Amino acid sequence: MRAVAIALDAPVEWGLLRARYPASHPVTLLEPDRPTTLGAAERDTVGGSRFLVLAPLEPFADLASIATALRIVERLRAPDGCPWDREQTHASLRPHLLEEAYEALAALDSGDPARLRDELGDLLLQIALHAELAREEETFDANEVARRLNEKLIRRHPHVFAGKAIAGGDLLAQWEQIKREEQGGDAHGLLGGVPRELPALFAAERMLERAARVKLEPPRLDLPLDIDDQDFLGELLFDVVAAARDAGFDAETALRAANERFAGHVGRVEARAAADGRALESYAPEEMRRVWEETA
């Protein structure tokens, strides 16, 4: 890694430097010139020097850096690296990515910060491996992943980064509208970002959440009971699965089919809006209900 020079025309962020360099790391103070260490420079408040130069770090010395994690993965994939890492492909890593995602969720549910920290690290490893594979294939690299993410975050938060008021006062509707503009219209649709591989119940929740962002709330079955307790809801869902099993049905398959029917109906609503030359967000709730009924 390269040397880093800091102009001492403002207070030094010593905490930031300590997070990246050990106290014994060699530094040089310039004008007047004086070799020392990071810890000594902080204690001595750098005297009257004008510049602080930090010597280059060893490639894997900065263990508190995501860049180091990327360099370690690159080293593991090198010709003289780890045989297991070298033989991996995007496809072979697929089950590991899924497993690490679920383990991170389990850690989140456990309420154990140390466990969550470690599982997020394992998930980061999967991201680093896929980025390194792509770099070797010359399709993209980790920097491109970061650039695309940062561009998207800034673009989708104009109320934060561009000083603009939230369109119509509805933040989620603004988010969906920006997403569709990114896709060149409705290239992927309102539900296009919900992976079909998700468990059916989780997918149903995500679909309904996205539909609600544009005030699309389909009619529901009139259940002769009130659901006001999470434990009761769990028991109810469990009993529905049991009833489906007794009737010879697979509950997962049945809900997945219902999700597909819902997605198809949403697609017809989107087609109607496109024919009317309107954005989904422009419909009032009662208008959206009417369009839903007319596209059944």
# chains A, B, ... in the order shown; residues from 1 in each chain; ligands from 1
call {"tool": "residues_around", "arguments": {"residues": "A:Leu198", "least_positions_apart": "5", "cutoff": "12 Å", "atoms": "only C-alpha atoms", "output": "MDAnalysis selection string"}}
result
chainID A and resid 98 193 203:207 252 255:256 259
call {"tool": "atom_distance", "arguments": {"atom1": "atom CA of A:Asp122", "atom2": "atom CA of A:Leu70"}}
result
12.9 Å
call {"tool": "closest_atom_pairs", "arguments": {"of": "stretch 175-232 of chain A", "to": "stretch 236-249 of chain A", "cutoff": "10 Å", "atoms": "only C-alpha atoms", "output": "JSON lines"}}
result
{"residue": "A:Ile227", "atom": "CA", "partner": "A:Leu236", "partner_atom": "CA", "distance": 9.2}
{"residue": "A:Gln230", "atom": "CA", "partner": "A:Leu236", "partner_atom": "CA", "distance": 9.7}
{"residue": "A:Asp231", "atom": "CA", "partner": "A:Leu236", "partner_atom": "CA", "distance": 8.6}
{"residue": "A:Phe232", "atom": "CA", "partner": "A:Leu236", "partner_atom": "CA", "distance": 6.1}
call {"tool": "residues_around", "arguments": {"residues": "stretch 149-161 of chain A", "least_positions_apart": "2", "cutoff": "10 Å", "atoms": "only C-alpha atoms", "output": "list in words"}}
result
Asn143, Glu144, Val145, Ala146, Arg147, Gly163, Lys164, Ala165, Ile166, Ala167, Leu171, Gln174, Trp175, Glu176, Gln177, Ile178, Lys179 and Glu182 of chain A
call {"tool": "select_by_dssp", "arguments": {"residues": "stretch 150-296 of chain A", "states": "helix (DSSP H, G or I)", "output": "PyMOL selection string"}}
result
chain A and resi 150-155+158-161+167-169+171-182+200-212+230-246+251-276+280-282+285-294
call {"tool": "atom_distance", "arguments": {"atom1": "atom CA of A:Arg220", "atom2": "atom CA of A:Gly277"}}
result
28.5 Å
call {"tool": "residues_around", "arguments": {"residues": "A:Thr28", "least_positions_apart": "5", "cutoff": "10 Å", "atoms": "only C-alpha atoms", "output": "PyMOL selection string"}}
result
chain A and resi 5+33-38+41+46+49+51-55
call {"tool": "residues_around", "arguments": {"residues": "A:Gly192", "least_positions_apart": "4", "cutoff": "12 Å", "atoms": "only C-alpha atoms", "output": "count of residues only"}}
result
19
